Structure formats: C-alpha cells, structure tokens
$ cat target-v6.txt   # compact mmCIF, C-alpha atoms and all ligand atoms
# COMPACT_ATOMS: atom_id res chain seq x y z
CA MET A 1 14.99 7.97 -0.12
CA LYS A 2 13.85 4.43 0.70
CA ILE A 3 10.21 3.47 0.26
CA LEU A 4 8.69 0.24 1.59
CA ILE A 5 5.66 -0.99 -0.35
CA LEU A 6 3.51 -3.53 1.46
CA ASN A 7 0.71 -5.67 0.04
CA GLY A 8 -1.65 -7.68 2.20
CA PRO A 9 -3.47 -11.00 1.93
CA ASN A 10 -4.37 -12.47 -1.47
CA LEU A 11 -2.90 -9.61 -3.49
CA ASN A 12 -0.46 -12.20 -4.87
CA LEU A 13 -3.51 -13.54 -6.76
CA LEU A 14 -4.18 -10.25 -8.53
CA GLY A 15 -4.91 -10.69 -12.25
CA THR A 16 -6.41 -14.14 -11.82
CA ARG A 17 -10.05 -13.12 -11.18
CA GLU A 18 -12.43 -10.17 -10.69
CA PRO A 19 -10.67 -7.93 -13.26
CA GLU A 20 -13.81 -5.73 -13.34
CA ILE A 21 -13.07 -4.77 -9.72
CA TYR A 22 -9.28 -4.91 -9.46
CA GLY A 23 -8.09 -4.57 -13.06
CA ALA A 24 -6.21 -7.11 -15.17
CA GLU A 25 -2.72 -6.31 -13.91
CA THR A 26 -0.77 -8.70 -11.74
CA LEU A 27 1.14 -7.57 -8.66
CA ALA A 28 4.35 -8.05 -10.68
CA ASP A 29 2.98 -5.60 -13.29
CA ILE A 30 2.28 -3.05 -10.54
CA GLU A 31 5.80 -3.55 -9.15
CA THR A 32 7.23 -2.84 -12.63
CA HIS A 33 5.18 0.37 -12.98
CA ILE A 34 6.15 1.70 -9.58
CA THR A 35 9.81 0.81 -10.10
CA ASN A 36 9.76 2.71 -13.40
CA CYS A 37 8.05 5.66 -11.72
CA ALA A 38 10.71 5.69 -8.98
CA LYS A 39 13.45 5.83 -11.65
CA GLU A 40 11.68 8.77 -13.34
CA LEU A 41 11.49 10.60 -10.03
CA GLY A 42 15.25 10.30 -9.52
CA ASP A 43 18.08 7.89 -8.93
CA SER A 44 17.90 8.41 -5.19
CA ILE A 45 14.56 6.59 -4.74
CA ALA A 46 14.83 2.92 -3.78
CA ILE A 47 11.76 0.68 -3.71
CA ASP A 48 11.33 -2.46 -1.61
CA PHE A 49 8.12 -4.16 -2.81
CA ARG A 50 6.68 -6.97 -0.64
CA GLN A 51 3.53 -9.06 -0.23
CA SER A 52 2.42 -11.24 2.64
CA ASN A 53 -0.67 -13.24 3.54
CA SER A 54 0.36 -12.99 7.20
CA GLU A 55 -0.83 -10.12 9.40
CA ALA A 56 2.03 -10.85 11.81
CA GLU A 57 4.64 -10.59 9.06
CA LEU A 58 3.23 -7.26 7.85
CA ILE A 59 3.27 -5.92 11.43
CA THR A 60 6.88 -7.08 11.86
CA TRP A 61 7.95 -5.41 8.59
CA ILE A 62 6.29 -2.13 9.64
CA GLY A 63 8.02 -2.26 13.04
CA GLU A 64 11.39 -2.90 11.38
CA SER A 65 10.94 0.06 9.02
CA ARG A 66 12.05 2.63 11.63
CA GLY A 67 15.56 3.77 10.69
CA ARG A 68 15.54 1.69 7.49
CA PHE A 69 12.85 3.39 5.38
CA ASP A 70 11.63 6.95 4.87
CA GLY A 71 8.05 6.10 3.96
CA ILE A 72 5.54 3.28 3.48
CA ILE A 73 2.89 2.65 0.83
CA ILE A 74 0.47 -0.01 2.01
CA ASN A 75 -2.48 -1.88 0.57
CA PRO A 76 -3.54 -3.87 3.64
CA ALA A 77 -6.21 -5.68 1.52
CA ALA A 78 -8.89 -7.32 3.72
CA LEU A 79 -6.88 -6.45 6.87
CA THR A 80 -7.85 -2.82 6.18
CA HIS A 81 -11.24 -3.56 7.64
CA THR A 82 -10.21 -5.73 10.60
CA SER A 83 -6.70 -5.09 11.85
CA LEU A 84 -6.12 -2.87 14.87
CA GLY A 85 -2.68 -4.49 15.01
CA LEU A 86 -1.70 -3.03 11.65
CA CYS A 87 -3.13 0.34 12.69
CA ASP A 88 -1.07 0.30 15.91
CA ALA A 89 2.09 -0.74 13.99
CA LEU A 90 1.67 2.12 11.50
CA LYS A 91 1.02 4.60 14.33
CA ALA A 92 4.11 3.37 16.20
CA VAL A 93 6.42 4.41 13.34
CA ALA A 94 4.40 7.33 11.94
CA ASP A 95 6.68 9.96 13.53
CA VAL A 96 9.54 8.93 11.23
CA VAL A 97 7.99 6.66 8.57
CA PRO A 98 4.79 8.22 7.19
CA ALA A 99 2.45 5.88 5.32
CA VAL A 100 0.01 6.22 2.43
CA GLU A 101 -2.85 3.73 2.11
CA VAL A 102 -3.76 2.48 -1.37
CA HIS A 103 -6.71 0.48 -2.66
CA LEU A 104 -7.23 -0.76 -6.18
CA SER A 105 -11.02 -0.56 -5.92
CA ASN A 106 -13.23 2.19 -4.53
CA THR A 107 -14.24 0.37 -1.36
CA HIS A 108 -17.04 2.88 -0.68
CA THR A 109 -18.98 1.61 -3.69
CA ARG A 110 -18.77 -1.99 -2.43
CA GLU A 111 -20.20 -3.98 0.50
CA GLU A 112 -20.69 -1.95 3.68
CA ILE A 113 -18.08 -3.97 5.58
CA ARG A 114 -15.45 -2.55 3.20
CA HIS A 115 -16.43 1.09 3.85
CA LYS A 116 -14.49 1.34 7.12
CA SER A 117 -10.70 1.39 7.19
CA LEU A 118 -9.03 0.77 10.56
CA THR A 119 -5.64 1.62 9.10
CA ALA A 120 -6.40 4.92 7.31
CA ALA A 121 -6.25 6.96 10.53
CA ALA A 122 -2.60 5.92 10.92
CA CYS A 123 -1.71 7.17 7.41
CA ILE A 124 -1.04 10.65 6.03
CA GLY A 125 -3.38 9.98 3.09
CA GLN A 126 -5.36 7.45 1.13
CA ILE A 127 -5.78 6.80 -2.61
CA MET A 128 -8.44 4.44 -3.91
CA GLY A 129 -10.39 3.47 -7.00
CA PHE A 130 -7.69 3.89 -9.67
CA ARG A 131 -6.57 0.26 -9.82
CA GLY A 132 -2.78 -0.17 -10.21
CA LEU A 133 -2.27 3.49 -11.04
CA GLY A 134 -3.04 4.26 -7.38
CA TYR A 135 0.37 2.90 -6.34
CA VAL A 136 2.15 5.29 -8.71
CA LEU A 137 0.02 8.20 -7.50
CA ALA A 138 0.82 7.25 -3.91
CA LEU A 139 4.56 7.16 -4.65
CA ARG A 140 4.41 10.62 -6.24
CA ALA A 141 2.44 12.00 -3.27
CA LEU A 142 4.72 10.42 -0.68
CA VAL A 143 7.96 11.53 -2.37
CA ASN A 144 6.53 15.05 -2.68
CA LYS A 145 5.62 15.07 1.03
CA LEU A 146 9.03 13.72 2.10
CA SER A 147 10.83 16.26 -0.10
CA ASP A 148 8.74 19.10 1.37
CA ASN A 149 9.80 18.08 4.84
CA ALA A 150 13.50 17.85 3.94
O1 LIG B 1 -9.30 -2.60 -3.45
C1 LIG B 1 -8.34 -3.04 -2.80
O2 LIG B 1 -7.17 -2.79 -3.08
C2 LIG B 1 -8.59 -3.98 -1.62
O3 LIG B 1 -7.62 -3.68 -0.62
C3 LIG B 1 -8.42 -5.39 -2.14
C4 LIG B 1 -8.74 -6.46 -1.11
C5 LIG B 1 -10.11 -6.20 -0.48
O4 LIG B 1 -10.34 -7.14 0.57
C6 LIG B 1 -10.24 -4.79 0.07
O5 LIG B 1 -11.55 -4.62 0.59
C7 LIG B 1 -9.98 -3.77 -1.00
C8 LIG B 1 -8.72 -7.85 -1.76
C9 LIG B 1 -7.33 -8.27 -2.20
C10 LIG B 1 -7.35 -9.57 -2.93
O6 LIG B 1 -7.62 -9.30 -4.31
C11 LIG B 1 -7.71 -10.32 -5.22
C12 LIG B 1 -7.86 -9.95 -6.53
C13 LIG B 1 -7.97 -10.89 -7.51
C14 LIG B 1 -7.92 -12.23 -7.19
C15 LIG B 1 -7.78 -12.61 -5.89
C16 LIG B 1 -7.67 -11.65 -4.89

$ encode --input "target-v6.txt" --output "structure tokens" --more "lines below"
Ligand code: CA2
Amino acid sequence: MKILILNGPNLNLLGTREPEIYGAETLADIETHITNCAKELGDSIAIDFRQSNSEAELITWIGESRGRFDGIIINPAALTHTSLGLCDALKAVADVVPAVEVHLSNTHTREEIRHKSLTAAACIGQIMGFRGLGYVLALRALVNKLSDNA
C-alpha cells in the first residue's frame, strides 16, 4: 500500500513560530512519527512525504498519483481556504486515490476565513486540532479504509 502525504505552503517552517497554535514539532518530526506508525502497521505500507509552497506543484503531484498511490493524506495549509484547483485535482483522482485532509490546528476556533475548507468535500474525511498526531490518526484511518475495501 502506497500513501502520498502532501503538505502545503509554509509548513516547511513548522516549529519556528506559533507553537501555541501548531505545536513545537517540525515537519521532519512529523515525518518521523508517521514513518514509524507505517512500520507498526505493517511492512507493506510505503510513505512518500512531500511539502511544496507551490499550488501548481501540489496539483501536479495529485494528478500523478493515479496508478502510483493508493491514498493521499493532505494538509493543504492556507490553500485549504482558497484553492478550487486543489479541490478539482483531489476529485479527479478520488475514484482510485481517496484522500484524508489533516490540520494541525482546529481551524473552527480561529479566524472566520479559516472556517471554510474548499478541499474537504473532495476527501473521505478530515482530522483537525490534534497537532502532529493528526497525521498518524489520518494514516490509521486511511489504511483501515483501504483494507476494508480490499
Ligand atoms: O492547522 C493547520 O494545519 C493549517 O492548515 C495550517 C496553515 C493555516 O493557513 C491553515 O489555516 C490551518 C498554516 C501553515 C503554516 O504554518 C506555520 C507554522 C509555523 C510557522 C510558520 C508557518
């Protein structure tokens, strides 16, 4: 089972500021946790963990996932609230590559502009508010879903 994990703009800066909102972990720490979780779940789970500040690059990666990956975990970061392009890309592969949306913070407790996700409707589920742990929870949920369907 191959899982693509995508991180949107500025998540490369995680751990450098606003730890009260996003936690103190860096993106590299989160990658380590999710890689360890994948190993615990079984040898057959391969993780490809990526980050981009470019909406176009994220859309290209999602489009290329068909036939290469079994599922996607995505934190679209600020693009969550603005990007119909990411929503369309996720919908275009959803028949074979289901996605789970993750957010470190609970966006509903924050500014109103962060309450709406344009990408969530293209995903099978959403996990938010548990900081880096959310990625691990998303992996468990996605693997469970993909195994159910097997
Ligand atoms: O809570 C989340 O995971 C977000 O996707 C994070 C985004 C934000 O725009 C969304 O509304 C919610 C922000 C990602 C950038 O985070 C940084 C954290 C620390 C330092 C710099 C950037």

$ residues_near_ligand --input "target-v6.txt" --ligand "ligand LIG 1 (chain B)" --cutoff "8 Å" --atoms "all atoms listed in the file" --output "ChimeraX atom specification"
/A:8-19,21-22,75-81,102-107,114,128-129,131

$ atom_distance --input "target-v6.txt" --atom1 "atom CA of Thr109 of chain A" --atom2 "atom CA of Thr82 of chain A"
18.3 Å

$ residues_near_point --input "target-v6.txt" --point "(14.6, -1.7, 0.3)" --cutoff "7 Å" --atoms "all atoms listed in the file" --output "list in words"
Lys2, Ile3, Leu4, Ala46, Ile47 and Asp48 of chain A

$ closest_residue --input "target-v6.txt" --among "A:Ile113, A:Ala38, A:Val100, A:Ala28" --to "Ile73 of chain A" --atoms "only C-alpha atoms"
A:Val100

$ residues_around --input "target-v6.txt" --residues "Trp61 of chain A" --least-positions-apart "2" --cutoff "12 Å" --atoms "all atoms listed in the file" --output "mmCIF file with C-alpha atoms, in the coordinates of the input"
data_model
loop_
_atom_site.group_PDB
_atom_site.id
_atom_site.type_symbol
_atom_site.label_atom_id
_atom_site.label_comp_id
_atom_site.auth_asym_id
_atom_site.auth_seq_id
_atom_site.Cartn_x
_atom_site.Cartn_y
_atom_site.Cartn_z
ATOM 1 C CA LEU A 4 8.690 0.240 1.590
ATOM 2 C CA ILE A 5 5.660 -0.990 -0.350
ATOM 3 C CA LEU A 6 3.510 -3.530 1.460
ATOM 4 C CA ASN A 7 0.710 -5.670 0.040
ATOM 5 C CA GLY A 8 -1.650 -7.680 2.200
ATOM 6 C CA ASP A 48 11.330 -2.460 -1.610
ATOM 7 C CA PHE A 49 8.120 -4.160 -2.810
ATOM 8 C CA ARG A 50 6.680 -6.970 -0.640
ATOM 9 C CA GLN A 51 3.530 -9.060 -0.230
ATOM 10 C CA SER A 52 2.420 -11.240 2.640
ATOM 11 C CA SER A 54 0.360 -12.990 7.200
ATOM 12 C CA GLU A 55 -0.830 -10.120 9.400
ATOM 13 C CA ALA A 56 2.030 -10.850 11.810
ATOM 14 C CA GLU A 57 4.640 -10.590 9.060
ATOM 15 C CA LEU A 58 3.230 -7.260 7.850
ATOM 16 C CA ILE A 59 3.270 -5.920 11.430
ATOM 17 C CA GLY A 63 8.020 -2.260 13.040
ATOM 18 C CA GLU A 64 11.390 -2.900 11.380
ATOM 19 C CA SER A 65 10.940 0.060 9.020
ATOM 20 C CA ARG A 66 12.050 2.630 11.630
ATOM 21 C CA ARG A 68 15.540 1.690 7.490
ATOM 22 C CA PHE A 69 12.850 3.390 5.380
ATOM 23 C CA ILE A 72 5.540 3.280 3.480
ATOM 24 C CA ILE A 74 0.470 -0.010 2.010
ATOM 25 C CA LEU A 86 -1.700 -3.030 11.650
ATOM 26 C CA ALA A 89 2.090 -0.740 13.990
ATOM 27 C CA LEU A 90 1.670 2.120 11.500
ATOM 28 C CA VAL A 93 6.420 4.410 13.340
#

$ atom_distance --input "target-v6.txt" --atom1 "atom CA of Leu133 of chain A" --atom2 "atom CA of Val96 of chain A"
25.8 Å

$ atom_distance --input "target-v6.txt" --atom1 "atom CA of Ala120 of chain A" --atom2 "atom CA of Glu101 of chain A"
6.4 Å

$ residues_near_point --input "target-v6.txt" --point "(-3.6, 2.7, 11.9)" --cutoff "6 Å" --atoms "only C-alpha atoms" --output "number ranges by chain"
A: 87-88, 90-91, 118-122

$ closest_residue --input "target-v6.txt" --among "A:Leu137, A:Ser83, A:Gly132, A:Asn53" --to "Ala24 of chain A" --atoms "all atoms listed in the file"
A:Gly132

$ closest_residue --input "target-v6.txt" --among "A:Val136, A:Val97, A:Ile127, A:Gly85" --to "Asp29 of chain A" --atoms "all atoms listed in the file"
A:Val136

$ build_atoms --input "target-v6.txt" --residues "segment 71-82 of chain A" --atoms "all heavy atoms" --output "PDB file, in the frame of the given file"
ATOM      1  N   GLY A  71       9.493   6.054   4.119  1.00  0.00           N
ATOM      2  CA  GLY A  71       8.050   6.100   3.960  1.00  0.00           C
ATOM      3  C   GLY A  71       7.513   4.722   3.578  1.00  0.00           C
ATOM      4  O   GLY A  71       8.277   3.845   3.140  1.00  0.00           O
ATOM      5  N   ILE A  72       6.210   4.550   3.786  1.00  0.00           N
ATOM      6  CA  ILE A  72       5.540   3.280   3.480  1.00  0.00           C
ATOM      7  C   ILE A  72       4.335   3.554   2.578  1.00  0.00           C
ATOM      8  O   ILE A  72       3.600   4.530   2.798  1.00  0.00           O
ATOM      9  CB  ILE A  72       5.037   2.592   4.776  1.00  0.00           C
ATOM     10  CG1 ILE A  72       6.217   2.160   5.647  1.00  0.00           C
ATOM     11  CG2 ILE A  72       4.122   1.407   4.458  1.00  0.00           C
ATOM     12  CD1 ILE A  72       5.802   1.619   7.024  1.00  0.00           C
ATOM     13  N   ILE A  73       4.150   2.701   1.584  1.00  0.00           N
ATOM     14  CA  ILE A  73       2.890   2.650   0.830  1.00  0.00           C
ATOM     15  C   ILE A  73       2.301   1.285   1.146  1.00  0.00           C
ATOM     16  O   ILE A  73       2.992   0.261   1.016  1.00  0.00           O
ATOM     17  CB  ILE A  73       3.132   2.825  -0.677  1.00  0.00           C
ATOM     18  CG1 ILE A  73       3.657   4.243  -0.953  1.00  0.00           C
ATOM     19  CG2 ILE A  73       1.850   2.552  -1.472  1.00  0.00           C
ATOM     20  CD1 ILE A  73       4.158   4.455  -2.368  1.00  0.00           C
ATOM     21  N   ILE A  74       1.049   1.273   1.592  1.00  0.00           N
ATOM     22  CA  ILE A  74       0.470  -0.010   2.010  1.00  0.00           C
ATOM     23  C   ILE A  74      -0.931  -0.209   1.457  1.00  0.00           C
ATOM     24  O   ILE A  74      -1.773   0.682   1.532  1.00  0.00           O
ATOM     25  CB  ILE A  74       0.456  -0.141   3.566  1.00  0.00           C
ATOM     26  CG1 ILE A  74      -0.081  -1.512   3.983  1.00  0.00           C
ATOM     27  CG2 ILE A  74      -0.305   1.012   4.242  1.00  0.00           C
ATOM     28  CD1 ILE A  74       0.199  -1.875   5.432  1.00  0.00           C
ATOM     29  N   ASN A  75      -1.133  -1.396   0.861  1.00  0.00           N
ATOM     30  CA  ASN A  75      -2.480  -1.880   0.570  1.00  0.00           C
ATOM     31  C   ASN A  75      -2.700  -3.055   1.527  1.00  0.00           C
ATOM     32  O   ASN A  75      -2.242  -4.172   1.273  1.00  0.00           O
ATOM     33  CB  ASN A  75      -2.606  -2.342  -0.879  1.00  0.00           C
ATOM     34  CG  ASN A  75      -4.034  -2.786  -1.186  1.00  0.00           C
ATOM     35  OD1 ASN A  75      -4.835  -2.992  -0.278  1.00  0.00           O
ATOM     36  ND2 ASN A  75      -4.345  -2.928  -2.467  1.00  0.00           N
ATOM     37  N   PRO A  76      -3.386  -2.795   2.643  1.00  0.00           N
ATOM     38  CA  PRO A  76      -3.540  -3.870   3.640  1.00  0.00           C
ATOM     39  C   PRO A  76      -4.555  -4.934   3.219  1.00  0.00           C
ATOM     40  O   PRO A  76      -4.800  -5.880   3.967  1.00  0.00           O
ATOM     41  CB  PRO A  76      -4.043  -3.115   4.886  1.00  0.00           C
ATOM     42  CG  PRO A  76      -3.891  -1.650   4.599  1.00  0.00           C
ATOM     43  CD  PRO A  76      -3.949  -1.525   3.114  1.00  0.00           C
ATOM     44  N   ALA A  77      -5.192  -4.742   2.031  1.00  0.00           N
ATOM     45  CA  ALA A  77      -6.210  -5.680   1.520  1.00  0.00           C
ATOM     46  C   ALA A  77      -7.311  -5.882   2.574  1.00  0.00           C
ATOM     47  O   ALA A  77      -7.732  -4.911   3.205  1.00  0.00           O
ATOM     48  CB  ALA A  77      -5.551  -6.978   1.066  1.00  0.00           C
ATOM     49  N   ALA A  78      -7.754  -7.109   2.803  1.00  0.00           N
ATOM     50  CA  ALA A  78      -8.890  -7.320   3.720  1.00  0.00           C
ATOM     51  C   ALA A  78      -8.561  -6.890   5.150  1.00  0.00           C
ATOM     52  O   ALA A  78      -9.471  -6.554   5.929  1.00  0.00           O
ATOM     53  CB  ALA A  78      -9.302  -8.788   3.686  1.00  0.00           C
ATOM     54  N   LEU A  79      -7.271  -6.853   5.506  1.00  0.00           N
ATOM     55  CA  LEU A  79      -6.880  -6.450   6.870  1.00  0.00           C
ATOM     56  C   LEU A  79      -7.211  -4.980   7.137  1.00  0.00           C
ATOM     57  O   LEU A  79      -7.290  -4.555   8.290  1.00  0.00           O
ATOM     58  CB  LEU A  79      -5.386  -6.700   7.094  1.00  0.00           C
ATOM     59  CG  LEU A  79      -4.964  -8.177   7.055  1.00  0.00           C
ATOM     60  CD1 LEU A  79      -3.434  -8.287   7.092  1.00  0.00           C
ATOM     61  CD2 LEU A  79      -5.575  -8.937   8.226  1.00  0.00           C
ATOM     62  N   THR A  80      -7.407  -4.217   6.058  1.00  0.00           N
ATOM     63  CA  THR A  80      -7.850  -2.820   6.180  1.00  0.00           C
ATOM     64  C   THR A  80      -9.041  -2.699   7.119  1.00  0.00           C
ATOM     65  O   THR A  80      -9.129  -1.764   7.914  1.00  0.00           O
ATOM     66  CB  THR A  80      -8.312  -2.300   4.789  1.00  0.00           C
ATOM     67  OG1 THR A  80      -7.279  -2.508   3.846  1.00  0.00           O
ATOM     68  CG2 THR A  80      -8.732  -0.847   4.834  1.00  0.00           C
ATOM     69  N   HIS A  81      -9.944  -3.660   6.984  1.00  0.00           N
ATOM     70  CA  HIS A  81     -11.240  -3.560   7.640  1.00  0.00           C
ATOM     71  C   HIS A  81     -11.290  -4.265   8.999  1.00  0.00           C
ATOM     72  O   HIS A  81     -12.318  -4.229   9.673  1.00  0.00           O
ATOM     73  CB  HIS A  81     -12.327  -4.146   6.721  1.00  0.00           C
ATOM     74  CG  HIS A  81     -12.142  -3.749   5.282  1.00  0.00           C
ATOM     75  ND1 HIS A  81     -12.204  -2.435   4.860  1.00  0.00           N
ATOM     76  CD2 HIS A  81     -11.832  -4.474   4.166  1.00  0.00           C
ATOM     77  CE1 HIS A  81     -11.977  -2.379   3.556  1.00  0.00           C
ATOM     78  NE2 HIS A  81     -11.738  -3.611   3.110  1.00  0.00           N
ATOM     79  N   THR A  82     -10.179  -4.902   9.375  1.00  0.00           N
ATOM     80  CA  THR A  82     -10.210  -5.730  10.600  1.00  0.00           C
ATOM     81  C   THR A  82      -9.047  -5.511  11.556  1.00  0.00           C
ATOM     82  O   THR A  82      -9.151  -5.886  12.723  1.00  0.00           O
ATOM     83  CB  THR A  82     -10.191  -7.226  10.233  1.00  0.00           C
ATOM     84  OG1 THR A  82      -8.960  -7.496   9.526  1.00  0.00           O
ATOM     85  CG2 THR A  82     -11.379  -7.629   9.384  1.00  0.00           C
TER      86      THR A  82
END
